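Trainee: Quick one: the structure is below, questions incoming.
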Amino acid sequence: MFGTTLLLAFREIRRHLLRSFLTTLGIIIGVAAVITMVTLGNGVSKSVEDQISSLGTNVLMVFPTRGDRSGTPRQFKSSDIEAIRTQIAGVKTVAGQVSQSVTAIHNGQNWATTVNGANDTFLVARNMELSSGRIFSDTEQEAGKSVCIIGSKVQSNIFQADTSPLGQRMRLDTVSCTVIGVLKERGQGGGGQDQDNMVVMPLKTVQRRFTGSPDIQTIVVAYDGQYDSTSIQNQLVKLLRDRRHLSDAAENDFNIIDTAQITAAVTGSLSVITAFLAAVAAISLIVGGVGIMNIMLVSVTERTREIGIRLAIGALAREVRMQFLTEAVVLCCLGGMVGMVLALGLSLAITSAAKVPFAFDPMINIVAFGFSALIGVVFGYFPAQRAAALDPIEALRHE
Amino acid sequence: MTDAPLIRLSGITKTFGKGTAAFQALKGVDLDIMRGDFMAVMGPSGSGKSTTMNILGCLDIPTSGTFTFRDVPVQSLNRDQRSLLRRQYLGFVFQGFNLLARTSALENVELPLLYRGESKAARREAAMAALDKVGLAPWATHTPAELSGGQQQRVAIARAIVTNPDVLLADEPTGNLDTERSVEIMELLTDLNRNSGITILLVTHEPEMAAFAHTVVHFRDGLVERIERNHRPGQPVDGVAPPDVVVEGKD
Ligand SMILES: Nc1ncnc2c1ncn2[C@@H]1O[C@H](COP(=O)(O)OP(=O)(O)OP(=O)(O)O)[C@@H](O)[C@H]1O
Ligand SMILES: [Mg+2]
């Protein structure tokens, strides 16, 4: 009997193709909206995650802060780096870093950028790769030679496109340097710094020629993933408080940031936004259900005579109810399928236009489809019940 | 007449509405119908013919009285039980044909078998046989809109007999047809009655059509007025009652 009910439902839908399509439009749009929202949300989360993890995974960054004092924050010393490396278990590399805003000049072109003074461990810790050229040699780092590695934006803004910048000289404010490498392009990073708009020079060079002090602004600690981030952070705090002679009552005058924690926080809030948008889209799905109910009620009135014939011929009330319910559910399921296909097309188009990764989520497809079927049951029941309760004599007399 | 009747109505009343608006359409109908009978029901408009047919067709239940069909007291059955009775033993033909629109003749005829849960092959075969019986096999794929009134009514008859019912109920089946088409339908019903043994109950206003029946029941004001036995059924007469019609007195 269920097979024939299904057959009857498909027959009826085929008979009123345009009306069926218009009826399900609400469901189609609802399902497509929900799936597209979630797919895009996942894509954005993924892209943000990728960018944050480009800062390096299992990396802690330590910045000086004011703490209890007023005035400029106290910077770190080279010996702090040595102490961290030797006294904390699980630390793979520790790199000091200083940076300063500068104007890069070449061939009459000016470009505002940031110079980062760091050792080659900086590149390793932040997963940076070169698109051409080489990294600093040990002698260049130890001697504080005037060599630099430039980001792709710096290259494109002051060097001509058709010539390699390698080996060419450029000026950073008043300091001149030789380009020995170019960084791979990587897009906007977390922490506000454009990872393509920077120049990297050996730490010593920047300390000597730009900041004029042996102090260090940022310490980047890369640790072994088998160790617990919190425990390493605790050891770091203890060590640095000790070395900076803070009394027990004093606040920390430095701040430790774990990139993994940033990732978790950002993707967490993104998933809240995604859920919210999906919920808004789900409301349109419910509105679509009301549309289905509306048309099914019209259809019951329009087909009163048909229902009368079926009842007179010996159809049971529950068979008539089943017929109309099946029709509503089949309509909703068809709408759900079309919506899924539409969502696939939409998400592919939008993600490729917005340069966001396409994160297909089978779960949300299943959920949205199941929800549309559920809507068919809920909103189809009332009209179906009404059809089943018709009196055959009255129904047959209906004009 | 030693056999028990297939259908027995006794003391059937039917009241529509309640209170002051109540209207008694049937006021105590007694009627026995034997298996194999071909009965025509006549009477003025509003005399209760359709009301009686609806009760006989198990579509409606009497307000009081008993209706026994195949020894089953139908008046005490519920909606679904009556549906099953219709599905199993009854066939309906209506004045307005009542075929499903935009549905082929074959699919219309298959409909009752669908509710009996018969297989596709069995449905097709029985429906084709029924269409063949009413002479419409070549029109199987046509929809009602593509058929004449007479043809539509024959499809409806095919649908009513496809389940081999005990009884075929027809409320003014020729009401929408011209005389020639009507006679064709009556001949078809006569044939079904004679050769397939189907008991036929027919409501008609036209004496020419009633003349095809074996028994003619006259209704007036919600009561059976008189019952005639036609000993030469199927011989339409020109306005005059045939001489060999016996009138049974009935108060
Ligand atoms: N559902 C109903 N509600 C109220 N009154 C009804 C209902 N059905 C029938 N009646 C009344 O019952 C009486 C008998 O109706 P019925 O349809 O049986 O007459 P009929 O003999 O078939 O007439 P016709 O020859 O015009 O078809 C009529 O007066 C009619 O108005
Ligand atoms: Mg009538």
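How things are named: the first chain in the structure tokens is A, the next is B, and so on; residues count from 1 in each chain; ligands count from 1 in the order shown.
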Taking only C-alpha atoms into account and nothing else, which residues of chain A lie no more than 10 Å away from chain B? Please answer as a list in words.
Mentor: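 Output check: Met1, Phe2, Gly3, Thr4, Thr5, Arg11, Glu12, Arg15, Arg303, Arg305, Glu306, Ile307, Gly308, Ile309, Arg310, Leu311, Ala312, Ile313, Gly314, Ala315, Leu316, Ala317, Arg318, Glu319, Asp391, Pro392, Ile393, Leu396 and Arg397 of chain A.
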Trainee: Could you write out the selected residues, including C-alpha atoms, as an mmCIF file, in the first residue's frame?
Mentor:
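As a result, again08.cif now contains:
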```
data_model
loop_
_atom_site.group_PDB
_atom_site.id
_atom_site.type_symbol
_atom_site.label_atom_id
_atom_site.label_comp_id
_atom_site.auth_asym_id
_atom_site.auth_seq_id
_atom_site.Cartn_x
_atom_site.Cartn_y
_atom_site.Cartn_z
ATOM 1 C CA MET A 1 0.000 0.000 0.000
ATOM 2 C CA PHE A 2 2.844 2.421 0.731
ATOM 3 C CA GLY A 3 4.235 1.971 -2.766
ATOM 4 C CA THR A 4 0.908 2.889 -4.311
ATOM 5 C CA THR A 5 0.531 5.882 -1.990
ATOM 6 C CA ARG A 11 1.284 11.324 -10.099
ATOM 7 C CA GLU A 12 -0.444 14.246 -8.398
ATOM 8 C CA ARG A 15 -0.080 16.616 -12.817
ATOM 9 C CA ARG A 303 -10.139 17.819 -4.788
ATOM 10 C CA ARG A 305 -14.940 15.373 -5.221
ATOM 11 C CA GLU A 306 -11.951 13.177 -5.840
ATOM 12 C CA ILE A 307 -11.749 12.428 -2.130
ATOM 13 C CA GLY A 308 -15.479 11.607 -2.205
ATOM 14 C CA ILE A 309 -14.927 9.156 -5.045
ATOM 15 C CA ARG A 310 -12.051 7.501 -3.229
ATOM 16 C CA LEU A 311 -14.062 7.184 -0.023
ATOM 17 C CA ALA A 312 -17.124 5.836 -1.877
ATOM 18 C CA ILE A 313 -14.954 3.264 -3.615
ATOM 19 C CA GLY A 314 -13.862 2.033 -0.210
ATOM 20 C CA ALA A 315 -10.765 4.005 0.757
ATOM 21 C CA LEU A 316 -10.293 4.114 4.525
ATOM 22 C CA ALA A 317 -9.933 7.456 6.287
ATOM 23 C CA ARG A 318 -6.329 6.641 7.134
ATOM 24 C CA GLU A 319 -5.582 5.804 3.504
ATOM 25 C CA ASP A 391 -18.129 12.908 4.547
ATOM 26 C CA PRO A 392 -18.256 10.913 1.303
ATOM 27 C CA ILE A 393 -21.822 11.993 0.459
ATOM 28 C CA LEU A 396 -19.437 13.683 -3.885
ATOM 29 C CA ARG A 397 -22.020 16.433 -4.058
#
```
Trainee: Write out as a Markdown table the residues of chain B that have any atom within 10 Å of an atom of ligand 1, one row each with the nearest atom pair and its distance in Å to one decimal, counting only C-alpha atoms and all ligand atoms, sorted by chain and then rising number.
Mentor:
```
| residue | atom | partner | partner_atom_place_in_ligand_line | distance |
| --- | --- | --- | --- | --- |
| B:Lys14 | CA | ligand 1 | 12 (O) | 8.4 |
| B:Thr15 | CA | ligand 1 | 5 (N) | 7.9 |
| B:Phe16 | CA | ligand 1 | 4 (C) | 4.7 |
| B:Gly17 | CA | ligand 1 | 4 (C) | 6.1 |
| B:Lys18 | CA | ligand 1 | 4 (C) | 9.8 |
| B:Ala21 | CA | ligand 1 | 4 (C) | 9.0 |
| B:Ala22 | CA | ligand 1 | 4 (C) | 8.1 |
| B:Phe23 | CA | ligand 1 | 5 (N) | 6.4 |
| B:Gln24 | CA | ligand 1 | 12 (O) | 7.1 |
| B:Ala25 | CA | ligand 1 | 12 (O) | 4.3 |
| B:Leu26 | CA | ligand 1 | 14 (C) | 7.4 |
| B:Val41 | CA | ligand 1 | 21 (O) | 9.1 |
| B:Met42 | CA | ligand 1 | 21 (O) | 8.0 |
| B:Gly43 | CA | ligand 1 | 21 (O) | 6.5 |
| B:Pro44 | CA | ligand 1 | 25 (O) | 5.8 |
| B:Ser45 | CA | ligand 1 | 25 (O) | 3.5 |
| B:Gly46 | CA | ligand 1 | 19 (O) | 3.5 |
| B:Ser47 | CA | ligand 1 | 21 (O) | 4.0 |
| B:Gly48 | CA | ligand 1 | 18 (O) | 3.2 |
| B:Lys49 | CA | ligand 1 | 21 (O) | 3.7 |
| B:Ser50 | CA | ligand 1 | 22 (O) | 3.6 |
| B:Thr51 | CA | ligand 1 | 18 (O) | 3.7 |
| B:Thr52 | CA | ligand 1 | 18 (O) | 6.4 |
| B:Met53 | CA | ligand 1 | 18 (O) | 7.9 |
| B:Asn54 | CA | ligand 1 | 18 (O) | 8.4 |
| B:Gln95 | CA | ligand 1 | 27 (O) | 10.0 |
| B:Asp171 | CA | ligand 1 | 22 (O) | 8.2 |
| B:Glu172 | CA | ligand 1 | 27 (O) | 8.1 |
| B:Val203 | CA | ligand 1 | 22 (O) | 8.1 |
| B:Thr204 | CA | ligand 1 | 25 (O) | 8.0 |
| B:His205 | CA | ligand 1 | 25 (O) | 7.2 |
| B:Phe219 | CA | ligand 1 | 21 (O) | 7.6 |
| B:Arg220 | CA | ligand 1 | 21 (O) | 8.3 |
| B:Asp221 | CA | ligand 1 | 14 (C) | 8.2 |
| B:Gly222 | CA | ligand 1 | 14 (C) | 7.2 |
```
Trainee: Quick one: pick out all strand (DSSP E) residues within segment 146-236 of chain B from a backbone DSSP run and write them as a list in words.
Mentor: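 Written out, the strand (DSSP E) residues of segment 146-236 of chain B are Val167, Leu168, Leu169, Ala170, Asp171, Thr199, Ile200, Leu201, Leu202, Val203, Thr215, Val216, Val217, His218, Phe219, Arg220, Leu223, Val224, Glu225, Arg226, Ile227, Glu228, Arg229 and Asn230 of chain B.
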Trainee: Once DSSP has gone over the backbone, tell me which residues of segment 54-222 of chain B are in alpha helix (DSSP H), as a PyMOL selection string.
Mentor: chain B and resi 54-56+79-89+105-115+120-133+149-161+179-195+207-210
Trainee: B:Met39, B:Leu6, B:His231, B:Glu146: which is nearest Thr190 of chain B, counting only C-alpha atoms?
Mentor: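 Checking each of B:Met39, B:Leu6, B:His231, B:Glu146 against Thr190 of chain B, counting only C-alpha atoms, the winner is B:Met39.
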Trainee: Taking 4 positions as the minimum chain separation for residues in the same chain, which residues sit within 12 Å of Val147 of chain A when counting only C-alpha atoms? Answer as a PyMOL selection string.
Mentor: chain A and resi 115+117-118+133-137+139-141+143+166-172+175-182+199-206
Trainee: Quick one: write out the picked residues with N, CA, C and O atoms as a compact mmCIF listing (two decimals), in the first residue's frame?
Mentor:
```
# COMPACT_ATOMS: atom_id res chain seq x y z
N VAL A 115 60.06 46.76 9.56
CA VAL A 115 61.24 45.91 9.53
C VAL A 115 61.23 45.05 10.80
O VAL A 115 60.99 45.54 11.89
N GLY A 117 63.47 42.55 13.01
CA GLY A 117 64.79 42.02 13.26
C GLY A 117 64.64 40.68 13.94
O GLY A 117 64.00 40.57 14.97
N ALA A 118 65.18 39.64 13.32
CA ALA A 118 64.99 38.30 13.86
C ALA A 118 66.03 37.37 13.30
O ALA A 118 66.63 37.64 12.25
N GLY A 133 65.44 33.15 -3.48
CA GLY A 133 66.55 33.62 -2.66
C GLY A 133 66.90 32.66 -1.54
O GLY A 133 66.61 31.47 -1.63
N ARG A 134 67.48 33.17 -0.48
CA ARG A 134 67.98 32.31 0.60
C ARG A 134 67.75 33.00 1.93
O ARG A 134 67.40 34.18 1.98
N ILE A 135 67.94 32.24 3.03
CA ILE A 135 67.84 32.84 4.35
C ILE A 135 69.22 33.35 4.78
O ILE A 135 70.20 33.20 4.04
N PHE A 136 69.25 33.96 5.99
CA PHE A 136 70.52 34.53 6.45
C PHE A 136 71.54 33.44 6.74
O PHE A 136 71.19 32.36 7.22
N SER A 137 72.79 33.75 6.47
CA SER A 137 73.85 32.82 6.86
C SER A 137 74.22 33.12 8.31
O SER A 137 73.88 34.18 8.84
N THR A 139 77.11 33.83 9.57
CA THR A 139 77.99 35.00 9.70
C THR A 139 77.19 36.29 9.56
O THR A 139 77.44 37.25 10.27
N GLU A 140 76.25 36.30 8.66
CA GLU A 140 75.43 37.50 8.49
C GLU A 140 74.68 37.83 9.78
O GLU A 140 74.55 38.97 10.18
N GLN A 141 74.19 36.77 10.46
CA GLN A 141 73.45 36.99 11.70
C GLN A 141 74.36 37.45 12.82
O GLN A 141 74.03 38.36 13.58
N ALA A 143 77.36 38.83 12.56
CA ALA A 143 78.02 40.11 12.30
C ALA A 143 77.04 41.26 12.15
O ALA A 143 77.43 42.41 12.12
N LEU A 166 66.47 40.14 -6.18
CA LEU A 166 67.61 39.50 -5.51
C LEU A 166 68.91 40.19 -5.90
O LEU A 166 69.16 40.43 -7.08
N GLY A 167 69.70 40.51 -4.88
CA GLY A 167 70.98 41.13 -5.13
C GLY A 167 70.90 42.64 -5.28
O GLY A 167 71.92 43.33 -5.27
N GLN A 168 69.70 43.18 -5.41
CA GLN A 168 69.57 44.63 -5.56
C GLN A 168 69.64 45.30 -4.19
O GLN A 168 69.34 44.70 -3.17
N ARG A 169 69.99 46.57 -4.22
CA ARG A 169 70.06 47.31 -2.96
C ARG A 169 68.82 48.18 -2.82
O ARG A 169 68.28 48.70 -3.79
N MET A 170 68.38 48.31 -1.59
CA MET A 170 67.26 49.20 -1.31
C MET A 170 67.57 49.93 -0.01
O MET A 170 68.52 49.57 0.70
N ARG A 171 66.78 50.96 0.28
CA ARG A 171 67.00 51.68 1.52
C ARG A 171 65.80 51.52 2.42
O ARG A 171 64.66 51.52 1.96
N LEU A 172 66.09 51.38 3.74
CA LEU A 172 65.02 51.41 4.73
C LEU A 172 65.31 52.64 5.58
O LEU A 172 66.31 52.65 6.31
N VAL A 175 69.03 53.47 6.16
CA VAL A 175 69.92 52.31 6.14
C VAL A 175 69.80 51.61 4.79
O VAL A 175 68.69 51.33 4.33
N SER A 176 70.89 51.32 4.17
CA SER A 176 70.79 50.62 2.91
C SER A 176 71.09 49.14 3.12
O SER A 176 71.86 48.77 4.01
N CYS A 177 70.44 48.28 2.34
CA CYS A 177 70.63 46.84 2.52
C CYS A 177 70.49 46.11 1.19
O CYS A 177 69.94 46.63 0.23
N THR A 178 70.97 44.88 1.17
CA THR A 178 70.91 44.06 -0.04
C THR A 178 69.82 43.01 0.12
O THR A 178 69.74 42.34 1.15
N VAL A 179 68.99 42.87 -0.91
CA VAL A 179 67.91 41.87 -0.86
C VAL A 179 68.49 40.51 -1.16
O VAL A 179 69.14 40.31 -2.19
N ILE A 180 68.26 39.56 -0.22
CA ILE A 180 68.77 38.21 -0.49
C ILE A 180 67.64 37.19 -0.63
O ILE A 180 67.85 36.06 -1.05
N GLY A 181 66.41 37.58 -0.30
CA GLY A 181 65.31 36.60 -0.42
C GLY A 181 63.96 37.30 -0.48
O GLY A 181 63.82 38.46 -0.09
N VAL A 182 62.97 36.54 -1.01
CA VAL A 182 61.60 37.06 -1.07
C VAL A 182 60.68 36.02 -0.41
O VAL A 182 60.82 34.82 -0.66
N VAL A 199 59.71 43.48 6.09
CA VAL A 199 61.09 43.21 5.69
C VAL A 199 61.75 42.55 6.89
O VAL A 199 61.56 42.98 8.03
N VAL A 200 62.45 41.46 6.65
CA VAL A 200 63.12 40.77 7.75
C VAL A 200 64.63 40.98 7.61
O VAL A 200 65.18 40.80 6.52
N MET A 201 65.27 41.39 8.71
CA MET A 201 66.73 41.54 8.72
C MET A 201 67.26 40.82 9.96
O MET A 201 66.52 40.57 10.89
N PRO A 202 68.56 40.52 9.99
CA PRO A 202 69.09 39.86 11.19
C PRO A 202 68.85 40.74 12.42
O PRO A 202 68.89 41.97 12.33
N LEU A 203 68.56 40.08 13.53
CA LEU A 203 68.22 40.79 14.75
C LEU A 203 69.27 41.84 15.11
O LEU A 203 68.95 42.99 15.42
N LYS A 204 70.53 41.40 15.03
CA LYS A 204 71.61 42.31 15.43
C LYS A 204 71.63 43.58 14.60
O LYS A 204 71.85 44.68 15.10
N THR A 205 71.39 43.41 13.29
CA THR A 205 71.40 44.55 12.38
C THR A 205 70.35 45.58 12.79
O THR A 205 70.61 46.78 12.85
N VAL A 206 69.14 45.08 13.09
CA VAL A 206 68.06 46.00 13.44
C VAL A 206 68.33 46.66 14.78
O VAL A 206 68.11 47.86 14.96
```
Trainee: Show which residues sit within 12 Å of Phe360 of chain A, as a ChimeraX atom specification. Count only C-alpha atoms, and ignore same-chain residues fewer than 3 positions away.
Mentor: /A:35-43,46,340,343-348,351,357,363-366
Trainee: Report as a PyMOL selection string all protein, DNA and RNA residues lying within 12 Å of Gly370 of chain A, evaluated on only C-alpha atoms, omitting residues in the same chain fewer than 2 positions from it.
Mentor: chain A and resi 27+31+285+329-330+332-337+340+363-368+372-377
Trainee: I'd like to know which of A:His106, A:Arg321, A:His398, A:Arg74 is closest to Leu240 of chain A, using only C-alpha atoms.
Mentor: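 Looking at the shortest contact to Leu240 of chain A, the residue is A:Arg74.
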Trainee: Val91 of chain A: which residues within 12 Å, counting only C-alpha atoms, same-chain residues fewer than 5 positions away excluded, as an MDAnalysis selection string?
Mentor: chainID A and resid 58:60 81:86 125 220:229 231:233 235:236
